[in-house]
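Participant: File follows, input_4.cif with mmCIF, C-alpha atoms:
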data_model
#
loop_
_atom_site.label_atom_id
_atom_site.label_comp_id
_atom_site.auth_asym_id
_atom_site.auth_seq_id
_atom_site.Cartn_x
_atom_site.Cartn_y
_atom_site.Cartn_z
CA MET A 305 25.28 10.65 -12.52
CA SER A 306 26.31 7.03 -13.02
CA LYS A 307 23.87 4.65 -14.62
CA ILE A 308 22.75 1.33 -13.20
CA HIS A 309 22.96 -1.90 -15.17
CA VAL A 310 19.82 -3.93 -14.63
CA THR A 311 19.22 -7.53 -15.71
CA THR A 312 15.66 -8.75 -15.45
CA LYS A 313 13.11 -10.95 -17.16
CA VAL A 314 10.26 -9.36 -19.08
CA ASN A 315 7.48 -11.62 -20.36
CA GLY A 316 9.82 -14.59 -20.02
CA ASP A 317 12.75 -13.08 -21.91
CA GLU A 318 16.05 -12.08 -20.29
CA VAL A 319 16.60 -8.37 -20.89
CA GLU A 320 19.07 -5.78 -19.69
CA TYR A 321 19.12 -2.01 -19.68
CA LEU A 322 21.09 0.91 -18.33
CA CYS A 323 19.00 3.34 -16.33
CA GLU A 324 19.41 6.41 -14.23
CA PRO A 325 18.50 5.87 -10.55
CA ARG A 326 15.53 8.21 -10.96
CA GLU A 327 14.01 6.36 -13.89
CA THR A 328 10.94 4.31 -13.06
CA LEU A 329 10.27 0.80 -14.26
CA LEU A 330 7.64 2.35 -16.53
CA ASP A 331 10.28 4.66 -18.07
CA CYS A 332 12.58 1.68 -18.58
CA LEU A 333 9.90 -0.48 -20.18
CA ARG A 334 8.80 2.27 -22.55
CA ASP A 335 12.04 4.11 -23.31
CA HIS A 336 14.70 1.40 -23.09
CA LEU A 337 12.81 -1.75 -24.02
CA ASP A 338 10.26 -0.22 -26.45
CA LEU A 339 7.39 -1.86 -24.59
CA THR A 340 4.85 0.95 -24.80
CA GLY A 341 1.77 -1.04 -23.76
CA ALA A 342 1.90 0.17 -20.16
CA LYS A 343 0.83 3.83 -20.16
CA GLU A 344 1.70 6.76 -17.98
CA GLY A 345 -1.56 8.24 -16.76
CA CYS A 346 -1.09 10.13 -13.50
CA GLY A 347 2.49 9.11 -12.73
CA THR A 348 1.71 9.01 -9.02
CA GLY A 349 0.16 5.58 -8.51
CA ASP A 350 -3.46 6.65 -8.57
CA CYS A 351 -4.73 5.55 -11.99
CA GLY A 352 -3.25 2.11 -12.68
CA ALA A 353 -2.63 2.70 -16.41
CA CYS A 354 0.97 1.56 -15.87
CA SER A 355 0.01 -1.73 -14.14
CA VAL A 356 2.42 -4.62 -14.63
CA THR A 357 3.29 -7.58 -12.44
CA MET A 358 6.63 -8.02 -10.69
CA ASP A 359 7.27 -11.57 -9.45
CA GLY A 360 3.58 -12.21 -10.01
CA ARG A 361 2.39 -9.26 -7.94
CA LEU A 362 0.44 -6.39 -9.43
CA VAL A 363 2.32 -3.07 -9.12
CA CYS A 364 2.17 0.42 -10.57
CA SER A 365 5.34 0.53 -12.68
CA CYS A 366 5.40 4.33 -12.28
CA LEU A 367 6.05 3.85 -8.53
CA VAL A 368 8.77 1.23 -8.91
CA LEU A 369 12.29 2.27 -9.83
CA GLY A 370 13.88 0.62 -12.84
CA ALA A 371 16.72 -0.38 -10.53
CA GLU A 372 14.29 -2.25 -8.27
CA ALA A 373 13.51 -4.67 -11.12
CA GLN A 374 16.97 -6.25 -10.87
CA GLY A 375 16.59 -10.04 -10.82
CA LYS A 376 12.79 -9.91 -10.91
CA GLU A 377 10.25 -11.27 -13.36
CA ILE A 378 8.13 -8.62 -14.99
CA ALA A 379 4.97 -9.32 -16.98
CA THR A 380 3.36 -6.66 -19.16
CA ILE A 381 0.40 -6.48 -21.53
CA GLU A 382 2.74 -7.36 -24.41
CA GLY A 383 3.05 -10.89 -23.03
CA MET A 384 -0.68 -11.51 -22.74
CA ALA A 385 -1.60 -12.76 -26.22
CA GLU A 386 0.16 -16.01 -27.08
CA ASP A 387 1.36 -16.60 -30.63
CA GLY A 388 -1.05 -14.01 -31.93
CA ALA A 389 -4.06 -15.56 -30.15
CA LEU A 390 -5.73 -13.07 -27.83
CA HIS A 391 -6.12 -13.95 -24.15
CA PRO A 392 -9.77 -14.65 -23.18
CA LEU A 393 -9.81 -11.34 -21.26
CA GLN A 394 -8.73 -9.48 -24.40
CA ARG A 395 -11.39 -11.20 -26.54
CA LYS A 396 -14.11 -10.50 -23.99
CA PHE A 397 -13.11 -6.83 -23.79
CA ILE A 398 -13.73 -6.55 -27.54
CA GLU A 399 -16.94 -8.59 -27.37
CA HIS A 400 -18.41 -6.50 -24.54
CA ALA A 401 -17.07 -3.19 -25.91
CA ALA A 402 -15.29 -2.75 -22.57
CA LEU A 403 -12.97 -0.05 -23.87
CA GLN A 404 -13.32 3.30 -25.52
CA CYS A 405 -10.18 5.43 -25.63
CA GLY A 406 -8.05 2.47 -24.55
CA ILE A 407 -5.52 4.20 -22.31
CA CYS A 408 -6.58 2.31 -19.18
CA THR A 409 -7.12 -1.01 -20.99
CA PRO A 410 -3.63 -2.56 -20.80
CA GLY A 411 -3.46 -1.87 -17.07
CA ILE A 412 -6.93 -3.23 -16.41
CA LEU A 413 -6.22 -6.39 -18.41
CA VAL A 414 -2.98 -7.01 -16.50
CA ALA A 415 -4.72 -6.33 -13.17
CA ALA A 416 -7.69 -8.57 -13.95
CA LYS A 417 -5.42 -11.40 -15.12
CA SER A 418 -3.42 -11.21 -11.90
CA LEU A 419 -6.57 -11.64 -9.80
CA LEU A 420 -7.85 -14.56 -11.90
CA GLU A 421 -4.52 -16.33 -11.45
CA LYS A 422 -4.98 -16.17 -7.66
CA ASN A 423 -8.73 -16.56 -7.61
CA PRO A 424 -10.32 -18.02 -10.74
CA ASP A 425 -13.85 -17.55 -9.37
CA PRO A 426 -14.08 -14.08 -7.83
CA THR A 427 -17.37 -12.48 -6.90
CA GLU A 428 -18.24 -9.26 -8.69
CA THR A 429 -17.51 -7.38 -5.45
CA GLU A 430 -14.06 -8.95 -5.14
CA MET A 431 -13.32 -8.02 -8.74
CA ARG A 432 -14.48 -4.43 -8.27
CA TYR A 433 -12.31 -4.04 -5.14
CA TRP A 434 -9.33 -5.59 -6.92
CA LEU A 435 -9.72 -3.12 -9.81
CA ALA A 436 -10.10 -0.17 -7.41
CA GLY A 437 -6.65 1.05 -8.42
CA ASN A 438 -7.45 1.16 -12.13
CA LEU A 439 -9.34 4.22 -13.26
CA CYS A 440 -11.35 4.46 -16.48
CA ARG A 441 -12.81 7.78 -17.55
CA CYS A 442 -14.87 6.43 -20.49
CA THR A 443 -16.80 3.26 -19.82
CA GLY A 444 -18.36 3.74 -16.41
CA TYR A 445 -16.81 0.35 -15.48
CA ASP A 446 -19.90 -1.84 -15.98
CA LYS A 447 -18.80 -3.19 -19.34
CA ILE A 448 -15.32 -3.83 -17.97
CA ILE A 449 -16.69 -5.83 -15.06
CA ARG A 450 -19.05 -7.78 -17.35
CA ALA A 451 -16.17 -8.59 -19.71
CA VAL A 452 -13.93 -9.75 -16.87
CA MET A 453 -16.60 -11.89 -15.22
CA ASP A 454 -17.48 -13.45 -18.59
CA ALA A 455 -13.81 -14.15 -19.33
CA ALA A 456 -13.39 -15.70 -15.87
CA ALA A 457 -16.35 -18.02 -16.52
CA GLU A 458 -14.93 -19.06 -19.89
CA MET A 459 -11.49 -19.68 -18.38
CA ARG A 460 -13.00 -21.86 -15.64
CA GLU A 461 -14.85 -23.96 -18.23
CA ALA A 462 -11.72 -24.36 -20.31
CA SER A 463 -9.56 -25.48 -17.40
CA MET B 1152 12.02 13.51 -10.47
CA TYR B 1153 15.34 15.22 -9.79
CA PRO B 1154 18.53 13.13 -10.13
CA THR B 1155 19.30 10.88 -7.20
CA LYS B 1156 21.52 7.92 -6.33
CA TYR B 1157 20.30 4.41 -5.58
CA HIS B 1158 21.77 2.08 -2.96
CA LYS B 1159 20.63 -1.44 -2.16
CA PRO B 1160 22.44 -2.57 1.01
CA ASP B 1161 22.02 -6.11 2.32
CA SER B 1162 22.37 -5.33 6.03
CA VAL B 1163 21.04 -2.81 8.53
CA ASP B 1164 24.57 -1.55 9.25
CA ALA B 1165 25.29 -1.01 5.56
CA ALA B 1166 21.98 0.85 5.19
CA ILE B 1167 22.85 3.21 8.02
CA THR B 1168 26.34 3.77 6.63
CA ALA B 1169 24.87 4.60 3.21
CA LEU B 1170 22.35 6.99 4.72
CA SER B 1171 24.77 8.78 7.01
CA GLY B 1172 27.25 9.13 4.14
CA ALA B 1173 24.65 10.84 1.97
CA GLU B 1174 24.12 14.58 1.77
CA ASP B 1175 20.35 14.26 2.07
CA GLY B 1176 19.46 10.58 2.01
CA LYS B 1177 16.14 8.82 2.49
CA PHE B 1178 15.23 5.21 3.10
CA LEU B 1179 13.15 3.70 0.30
CA ALA B 1180 10.78 1.15 1.84
CA GLY B 1181 8.33 0.44 -0.98
CA GLY B 1182 8.18 3.98 -2.30
CA GLN B 1183 4.43 4.26 -2.74
CA THR B 1184 4.47 7.69 -1.12
CA LEU B 1185 8.12 8.70 -1.48
CA LEU B 1186 8.44 8.18 -5.24
CA ALA B 1187 5.20 10.02 -5.93
CA THR B 1188 6.40 12.86 -3.69
CA MET B 1189 9.71 13.01 -5.55
CA LYS B 1190 7.92 13.13 -8.91
CA GLN B 1191 5.91 16.10 -7.69
CA HIS B 1192 9.19 17.77 -6.65
CA LEU B 1193 8.03 17.90 -3.04
CA ALA B 1194 11.11 15.87 -2.07
CA ALA B 1195 14.50 15.64 -3.74
CA PRO B 1196 16.74 13.31 -1.73
CA SER B 1197 20.33 13.07 -2.95
CA ASP B 1198 20.34 9.34 -2.22
CA LEU B 1199 17.78 6.56 -1.91
CA VAL B 1200 18.69 3.66 0.35
CA ASP B 1201 16.44 0.74 -0.59
CA VAL B 1202 15.84 -1.37 2.52
CA ARG B 1203 14.00 -4.18 0.78
CA GLY B 1204 17.19 -6.14 0.11
CA ILE B 1205 17.86 -6.54 3.84
CA SER B 1206 16.73 -10.04 4.80
CA ASP B 1207 16.63 -9.18 8.54
CA LEU B 1208 13.80 -6.72 7.85
CA SER B 1209 11.38 -9.13 6.22
CA GLY B 1210 9.13 -11.86 7.46
CA ILE B 1211 6.54 -12.40 10.17
CA ARG B 1212 6.93 -14.65 13.21
CA MET B 1213 5.45 -15.23 16.64
CA ASP B 1214 7.52 -14.58 19.77
CA GLY B 1215 5.35 -16.10 22.49
CA ASP B 1216 2.11 -14.12 22.36
CA THR B 1217 3.65 -11.31 20.36
CA LEU B 1218 3.60 -10.90 16.60
CA VAL B 1219 6.91 -9.71 15.18
CA ILE B 1220 6.55 -8.13 11.76
CA GLY B 1221 9.69 -7.17 9.83
CA ALA B 1222 9.75 -3.52 8.83
CA ALA B 1223 10.00 -4.27 5.11
CA THR B 1224 6.97 -6.58 5.12
CA THR B 1225 4.38 -5.50 2.56
CA HIS B 1226 0.74 -4.82 3.40
CA ALA B 1227 -0.26 -7.79 1.19
CA GLU B 1228 2.04 -10.10 3.16
CA VAL B 1229 0.58 -8.92 6.48
CA ALA B 1230 -2.96 -9.36 5.12
CA ALA B 1231 -2.23 -12.92 3.96
CA SER B 1232 -0.14 -14.07 6.92
CA ALA B 1233 -1.50 -17.06 8.84
CA ASP B 1234 0.20 -15.79 12.03
CA VAL B 1235 -1.36 -12.34 11.77
CA ASN B 1236 -4.77 -13.78 10.91
CA SER B 1237 -4.77 -16.00 13.98
CA ALA B 1238 -3.03 -13.74 16.53
CA CYS B 1239 -4.51 -10.44 15.45
CA PRO B 1240 -7.14 -10.78 12.73
CA GLY B 1241 -8.07 -7.10 13.00
CA LEU B 1242 -4.58 -6.10 11.88
CA ALA B 1243 -4.73 -8.47 8.89
CA ARG B 1244 -8.02 -6.90 7.82
CA LEU B 1245 -6.60 -3.41 8.27
CA ALA B 1246 -3.66 -4.28 6.01
CA ALA B 1247 -6.00 -5.82 3.43
CA GLY B 1248 -7.84 -2.50 3.15
CA ILE B 1249 -4.88 -0.15 2.62
CA GLY B 1250 -4.93 1.63 -0.74
CA ASP B 1251 -5.32 -0.68 -3.73
CA PRO B 1252 -3.63 -3.98 -4.62
CA ALA B 1253 -0.63 -2.30 -6.28
CA VAL B 1254 0.06 -0.23 -3.16
CA ARG B 1255 -0.32 -3.30 -0.94
CA HIS B 1256 2.21 -5.24 -3.02
CA MET B 1257 4.94 -2.60 -2.64
CA GLY B 1258 4.15 -0.53 0.46
CA THR B 1259 5.62 -1.73 3.76
CA ILE B 1260 4.63 -1.43 7.41
CA GLY B 1261 7.92 0.28 8.32
CA GLY B 1262 7.60 2.73 5.46
CA SER B 1263 4.04 3.59 6.40
CA ILE B 1264 4.71 4.31 10.06
CA ALA B 1265 7.99 6.14 9.44
CA ASN B 1266 6.10 8.44 7.07
CA ASN B 1267 3.23 8.82 9.60
CA ASP B 1268 0.77 10.29 7.13
CA PRO B 1269 -2.10 11.78 9.18
CA ALA B 1270 -4.60 9.73 7.16
CA ALA B 1271 -2.68 6.44 6.98
CA CYS B 1272 -4.20 3.26 8.43
CA TYR B 1273 -1.25 1.60 10.18
CA PRO B 1274 -0.59 4.37 12.75
CA ALA B 1275 -4.14 3.92 14.11
CA GLY B 1276 -3.76 0.15 14.14
CA LEU B 1277 -0.43 0.09 15.94
CA LEU B 1278 -1.44 2.75 18.45
CA ALA B 1279 -4.69 0.96 19.36
CA LEU B 1280 -2.95 -2.41 19.55
CA ASN B 1281 -0.28 -0.99 21.89
CA ALA B 1282 2.50 -2.08 19.54
CA THR B 1283 6.21 -1.49 20.06
CA ILE B 1284 8.38 -0.13 17.26
CA VAL B 1285 11.83 -1.73 17.24
CA THR B 1286 14.70 0.17 15.65
CA ASN B 1287 18.40 -0.55 15.19
CA SER B 1288 19.08 1.12 18.55
CA ARG B 1289 16.00 0.91 20.81
CA GLU B 1290 12.36 -0.01 21.33
CA ILE B 1291 9.71 2.71 21.20
CA ALA B 1292 6.13 2.28 22.43
CA ALA B 1293 3.58 3.34 19.82
CA ASP B 1294 2.30 5.87 22.40
CA ASP B 1295 5.69 7.64 22.18
CA PHE B 1296 6.38 7.08 18.49
CA PHE B 1297 3.75 9.09 16.57
CA LEU B 1298 4.49 12.72 17.33
CA GLY B 1299 2.51 14.74 14.79
CA LEU B 1300 1.98 15.30 11.07
CA PHE B 1301 4.59 13.22 9.23
CA THR B 1302 6.63 13.34 12.45
CA THR B 1303 7.89 10.44 14.55
CA ALA B 1304 10.34 9.80 17.38
CA LEU B 1305 12.90 8.42 14.90
CA GLU B 1306 16.33 10.06 14.88
CA GLU B 1307 18.03 11.01 11.60
CA ASP B 1308 20.02 7.82 11.11
CA GLU B 1309 17.66 5.44 12.86
CA ILE B 1310 15.94 2.62 11.00
CA ILE B 1311 12.86 0.63 11.98
CA THR B 1312 13.69 -3.07 11.98
CA SER B 1313 10.43 -4.59 13.16
CA VAL B 1314 7.11 -3.97 14.83
CA ARG B 1315 5.97 -6.03 17.83
CA VAL B 1316 2.23 -6.39 18.23
CA PRO B 1317 0.71 -8.17 21.26
CA ALA B 1318 -1.82 -10.80 20.16
CA CYS B 1319 -5.32 -9.36 20.32
CA ALA B 1320 -8.38 -11.41 19.46
CA LYS B 1321 -10.80 -8.51 19.78
CA ALA B 1322 -9.72 -5.63 17.62
CA ALA B 1323 -10.98 -4.07 14.42
CA TYR B 1324 -10.39 -1.08 12.22
CA ALA B 1325 -13.18 0.74 10.41
CA LYS B 1326 -12.32 3.26 7.73
CA PHE B 1327 -14.45 5.78 5.91
CA ARG B 1328 -12.52 6.01 2.64
CA GLN B 1329 -11.78 9.20 0.83
CA PRO B 1330 -12.90 7.68 -2.46
CA ALA B 1331 -10.23 9.18 -4.74
CA SER B 1332 -7.14 8.58 -2.61
CA LEU B 1333 -8.45 5.52 -0.70
CA PHE B 1334 -6.86 7.04 2.41
CA ALA B 1335 -8.97 7.36 5.55
CA LEU B 1336 -11.24 10.38 5.72
CA VAL B 1337 -11.66 8.99 9.21
CA GLY B 1338 -10.40 5.62 10.42
CA VAL B 1339 -10.92 4.21 13.91
CA CYS B 1340 -9.16 1.21 15.40
CA VAL B 1341 -10.56 -0.32 18.58
CA ALA B 1342 -8.79 -3.00 20.60
CA GLN B 1343 -9.64 -4.86 23.79
CA THR B 1344 -6.28 -5.14 25.53
CA ALA B 1345 -5.03 -6.32 28.94
CA ASP B 1346 -5.13 -2.67 30.08
CA GLY B 1347 -8.69 -2.04 28.89
CA ALA B 1348 -10.02 -0.72 25.62
CA ARG B 1349 -7.75 1.34 23.39
CA VAL B 1350 -9.15 3.52 20.60
CA ALA B 1351 -6.96 5.25 18.03
CA ILE B 1352 -8.14 7.60 15.31
CA THR B 1353 -6.53 8.50 12.00
CA GLY B 1354 -7.54 10.91 9.25
CA ALA B 1355 -9.11 13.35 11.66
CA GLY B 1356 -6.59 14.94 14.02
CA GLU B 1357 -4.75 18.15 13.17
CA ASP B 1358 -1.68 16.56 14.76
CA GLY B 1359 -2.14 13.16 13.19
CA VAL B 1360 -3.15 9.92 14.87
CA PHE B 1361 -4.44 10.14 18.45
CA ARG B 1362 -6.19 8.13 21.17
CA HIS B 1363 -9.59 9.12 22.49
CA GLU B 1364 -9.99 8.93 26.26
CA GLY B 1365 -13.78 9.22 26.28
CA LEU B 1366 -14.27 6.36 23.84
CA GLU B 1367 -11.72 4.23 25.69
CA ALA B 1368 -13.45 4.77 29.04
CA ALA B 1369 -16.87 3.95 27.59
CA LEU B 1370 -15.65 0.79 25.88
CA SER B 1371 -13.60 -0.33 28.87
CA SER B 1372 -16.72 -0.43 31.02
CA ASP B 1373 -19.08 -1.71 28.28
CA TRP B 1374 -17.64 -3.16 25.06
CA SER B 1375 -20.62 -2.48 22.80
CA ALA B 1376 -21.53 -0.14 19.98
CA SER B 1377 -24.31 1.38 22.08
CA ALA B 1378 -21.79 2.40 24.77
CA ILE B 1379 -20.45 4.92 22.24
CA ASP B 1380 -23.79 6.77 21.95
CA GLY B 1381 -23.25 8.73 25.15
CA VAL B 1382 -19.65 9.74 24.41
CA GLU B 1383 -18.96 13.36 23.53
CA VAL B 1384 -16.52 13.62 20.60
CA SER B 1385 -15.41 17.22 20.27
CA ALA B 1386 -14.52 18.79 16.92
CA ASP B 1387 -11.73 20.79 18.58
CA GLY B 1388 -8.35 19.89 17.14
CA LEU B 1389 -9.85 18.04 14.18
CA MET B 1390 -8.99 18.78 10.55
CA SER B 1391 -11.24 20.73 8.22
CA ASP B 1392 -10.60 20.51 4.49
CA ILE B 1393 -12.46 20.21 1.19
CA HIS B 1394 -13.37 16.62 2.04
CA GLY B 1395 -15.07 17.35 5.33
CA SER B 1396 -15.39 19.81 8.19
CA ALA B 1397 -14.14 19.16 11.72
CA ALA B 1398 -17.74 18.64 12.88
CA TYR B 1399 -18.34 16.11 10.11
CA ARG B 1400 -15.18 14.25 11.10
CA ALA B 1401 -16.21 14.30 14.78
CA ASN B 1402 -19.47 12.62 13.81
CA LEU B 1403 -17.67 10.11 11.62
CA ILE B 1404 -15.40 9.14 14.53
CA LYS B 1405 -18.42 7.89 16.48
CA VAL B 1406 -19.91 6.16 13.46
CA MET B 1407 -16.64 4.42 12.59
CA ALA B 1408 -15.96 3.51 16.23
CA LYS B 1409 -19.34 1.77 16.38
CA ARG B 1410 -18.66 -0.10 13.16
CA ALA B 1411 -15.26 -1.15 14.44
CA VAL B 1412 -16.71 -2.48 17.71
CA ALA B 1413 -19.37 -4.36 15.78
CA ALA B 1414 -16.72 -5.91 13.54
CA ALA B 1415 -14.27 -6.83 16.31
#
Mind turning this structure into structure tokens?
Facilitator:
Amino acid sequence: MSKIHVTTKVNGDEVEYLCEPRETLLDCLRDHLDLTGAKEGCGTGDCGACSVTMDGRLVCSCLVLGAEAQGKEIATIEGMAEDGALHPLQRKFIEHAALQCGICTPGILVAAKSLLEKNPDPTETEMRYWLAGNLCRCTGYDKIIRAVMDAAAEMREAS
Amino acid sequence: MYPTKYHKPDSVDAAITALSGAEDGKFLAGGQTLLATMKQHLAAPSDLVDVRGISDLSGIRMDGDTLVIGAATTHAEVAASADVNSACPGLARLAAGIGDPAVRHMGTIGGSIANNDPAACYPAGLLALNATIVTNSREIAADDFFLGLFTTALEEDEIITSVRVPACAKAAYAKFRQPASLFALVGVCVAQTADGARVAITGAGEDGVFRHEGLEAALSSDWSASAIDGVEVSADGLMSDIHGSAAYRANLIKVMAKRAVAAA
């Protein structure tokens, strides 16, 4: 089976990899690019642990083929902190204890950031609907929502 | 996922050539169902023909009073489109409620209706709105397109190029979500069209999406939620599964139809 040569941008850097047609973007990020922040939870698009953005749009990287990333811009959790300084969402997650086991956390942070980029002042309902595709089996969600809303408020003040 | 080959043609003709040259090929139109199905080994196509590189299949435009939506247009694009929101706001709201944001950013209208999942939202929307499905070779009325569970009128090497939806100011879709999958446990789309009211139901029928004559007659003579009270919705031919019995779904059809009329 011939491999496909893919050139794409991940977190602003040009990268390339060789993948099999059946490999997902998640496989490529984790196995070829050593970016293991995005997790495989269900593998079928239900849990959101593999959330990344492709050309600014939130996607489940387990339901995107590696080959489909050709020429796109991918953003993952690894690109969220800048120069070692945590993103406000990351700080607020720690402050509000919005994570326990941590498997869902990278996906939820990426998903929440993508909403705040479109809508810096979401209602709690809008945020809950936006995060409907990100499952967490530990926290019961309340602390996550509080952390995100608090981070959104801080980001609005700072801008 | 079993090994497969990946093609990304840039024209409809090239897509059809790639598919007909394959041993067991499938069009990839977003992949939010197909890739998950392949991972579960429920499908193992020899070739995937990605249609999202074909520029003719994307975009939304008005043709007179008719919305023309390219087959590879994502649910998020339909939900956000100014044309859809003004010509057929009910369809924009339907698209905005499909799955979750990640599904809406990848999944496409053509992919959804070609798959014809019995609990998908678009089949109910397009059937109620009296849409026309345009393929590389012909035009198919929605009434003749959805033939049963995961079954459509499409031939083997036929590809959907666009969907034509007559403008409709009074239409709405109400969905009772299955909370884990976010698919419709029951979804009802109501539309006030030139030929009277049309009502299409997804998530409930044993043979997939269907229209309901009784509800259409009631709403054609009196477009109000209370008109639905007197309509008999039989549980015959409805699905029963762990999520709900046929009788429960029959009741939900009336409840969702009322909500849809109220929202239209």
Participant: Which residues of chain A sit at most 7 Å from chain B, using all atoms listed in the file? Give each one's shortest atom pair and distance in Å (one decimal place), in chain and ascending residue order, as CSV.
Facilitator:
residue,atom,partner,partner_atom,distance
A:Pro325,CA,B:Tyr1157,CA,5.5
A:Arg326,CA,B:Pro1154,CA,5.8
A:Thr348,CA,B:Ala1187,CA,4.8
A:Arg361,CA,B:His1256,CA,6.4
A:Leu362,CA,B:Ala1253,CA,5.3
A:Val363,CA,B:Ala1253,CA,4.2
A:Cys364,CA,B:Ala1253,CA,5.8
A:Leu367,CA,B:Leu1186,CA,5.9
A:Trp434,CA,B:Pro1252,CA,6.4
A:Ala436,CA,B:Asp1251,CA,6.1
A:Gly437,CA,B:Asp1251,CA,5.2
Participant: Please enumerate the residues selected by the PyMOL selection byres ((chain B and resi 1300) around 12) when evaluated against the supplied file, formatted as a PyMOL selection string.
Facilitator: chain B and resi 1264-1271+1274+1296-1299+1301-1304+1353-1361+1390
Participant: Write out as a list in words which residues come within 9 Å of Pro410 in chain A when counting all atoms listed in the file, dropping same-chain ones fewer than 3 positions away.
Facilitator: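 Selected residues are Gly341, Ala342, Lys343, Ala353, Cys354, Ser355, Val356, Thr380, Ile381, Glu382, Gly406, Ile407, Leu413, Val414 and Ala415 of chain A.
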Participant: Do a neighbour search on Cys351 in chain A at 8 Å with all atoms listed in the file, toss out local chain neighbours closer than 6 positions, and write the hits as a list in words.
Facilitator: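 Contacts, with the query itself left out: Gly345, Gly437, Asn438 and Leu439 of chain A.
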Participant: Could you tell me which of B:Asp1308, B:Asp1295, B:Ala1279, B:Thr1224 comes closest to Glu1367 in chain B if we count all atoms listed in the file?
Facilitator: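 Among the listed residues, the smallest separation from Glu1367 in chain B belongs to B:Ala1279.
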Participant: List the residues sitting within 10 Å of (-17.7, -7.0, -17.1) in the file's frame, using all atoms listed in the file, as a PyMOL selection string.
Facilitator: chain A and resi 393+396-397+400-402+428+431-432+445-456
Participant: Compare B:Ser1391, B:Asn1281, B:Ala1369, B:Val1382 by their minimum atom-to-atom distance to Asp1346 in chain B, counting all atoms listed in the file, and give me the closest one.
Facilitator: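 Smallest separation from Asp1346 in chain B among the options: B:Asn1281.
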Participant: Apply the PyMOL selection byres ((chain A and resi 323) around 10) to the file shown and report the selected residues as an MDAnalysis selection string.
Facilitator: chainID A and resid 306:310 320:322 324:329 331:332 335:336 369:371
Participant: Between A:Ile412, A:Val319, A:Cys346, A:Leu435, which is the closest to Gln374 in chain A once you count only C-alpha atoms?
Facilitator: A:Val319
Participant: Which residue gives the smallest distance to Ser1232 in chain B among B:Ile1211, B:Trp1374, B:Ile1249, B:Ala1368, with only C-alpha atoms counted?
Facilitator: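 Closest to Ser1232 in chain B, using only C-alpha atoms: B:Ile1211.
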Participant: Just give me the gap between CA of Gly1381 in chain B and CA of Lys1409 in chain B in Å, one decimal is fine.
Facilitator: 11.9 Å
Participant: Quote the spacing between CA of Met384 in chain A and CA of Ala1247 in chain B in Å to one decimal place.
Facilitator: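 These atoms are spaced 27.3 Å apart.
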Participant: On this structure, the PyMOL selection byres ((chain A and resi 378) around 9) would catch which residues? List them as a list in words, sorted by chain and number.
Facilitator: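 For this structure, the PyMOL selection byres ((chain A and resi 378) around 9) resolves to Thr312, Lys313, Val314, Asn315, Gly316, Val356, Thr357, Met358, Asp359, Gly360, Ala373, Lys376, Glu377, Ala379 and Thr380 of chain A.
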Participant: Box along x, y and z, 4 Å on every side, all listed atoms of range 391-405 of chain A inside: centre and edge lengths in Å to one decimal, as lines of an AutoDock Vina configuration file.
Facilitator:
center_x = -12.3
center_y = -4.6
center_z = -24.4
size_x = 20.3
size_y = 28.1
size_z = 14.3
Participant: In Å, rounded to a single decimal, give me how far CA of Leu1170 in chain B is from CA of Cys1272 in chain B.
Facilitator: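 Atom-to-atom, CA of Cys1272 in chain B to CA of Leu1170 in chain B, that is 27.1 Å.
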Participant: Missing atoms in range 387-396 of chain A need filling: write out N, CA and C atoms for it as an mmCIF file, in the coordinates of the input.
Facilitator:
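Here's the written file result_28.cif:
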data_model
loop_
_atom_site.group_PDB
_atom_site.id
_atom_site.type_symbol
_atom_site.label_atom_id
_atom_site.label_comp_id
_atom_site.auth_asym_id
_atom_site.auth_seq_id
_atom_site.Cartn_x
_atom_site.Cartn_y
_atom_site.Cartn_z
ATOM 1 N N ASP A 387 1.240 -16.270 -29.197
ATOM 2 C CA ASP A 387 1.360 -16.600 -30.630
ATOM 3 C C ASP A 387 0.243 -15.950 -31.448
ATOM 4 N N GLY A 388 -0.048 -14.727 -31.152
ATOM 5 C CA GLY A 388 -1.050 -14.010 -31.930
ATOM 6 C C GLY A 388 -2.494 -14.294 -31.519
ATOM 7 N N ALA A 389 -2.691 -15.263 -30.613
ATOM 8 C CA ALA A 389 -4.060 -15.560 -30.150
ATOM 9 C C ALA A 389 -4.349 -14.725 -28.908
ATOM 10 N N LEU A 390 -5.406 -13.945 -28.967
ATOM 11 C CA LEU A 390 -5.730 -13.070 -27.830
ATOM 12 C C LEU A 390 -6.072 -13.908 -26.606
ATOM 13 N N HIS A 391 -5.724 -13.360 -25.437
ATOM 14 C CA HIS A 391 -6.120 -13.950 -24.150
ATOM 15 C C HIS A 391 -7.641 -13.815 -24.025
ATOM 16 N N PRO A 392 -8.304 -14.768 -23.346
ATOM 17 C CA PRO A 392 -9.770 -14.650 -23.180
ATOM 18 C C PRO A 392 -10.209 -13.278 -22.676
ATOM 19 N N LEU A 393 -9.438 -12.676 -21.753
ATOM 20 C CA LEU A 393 -9.810 -11.340 -21.260
ATOM 21 C C LEU A 393 -9.813 -10.331 -22.413
ATOM 22 N N GLN A 394 -8.813 -10.423 -23.265
ATOM 23 C CA GLN A 394 -8.730 -9.480 -24.400
ATOM 24 C C GLN A 394 -9.915 -9.685 -25.349
ATOM 25 N N ARG A 395 -10.242 -10.942 -25.647
ATOM 26 C CA ARG A 395 -11.390 -11.200 -26.540
ATOM 27 C C ARG A 395 -12.679 -10.675 -25.935
ATOM 28 N N LYS A 396 -12.851 -10.921 -24.632
ATOM 29 C CA LYS A 396 -14.110 -10.500 -23.990
ATOM 30 C C LYS A 396 -14.206 -8.978 -23.910
#
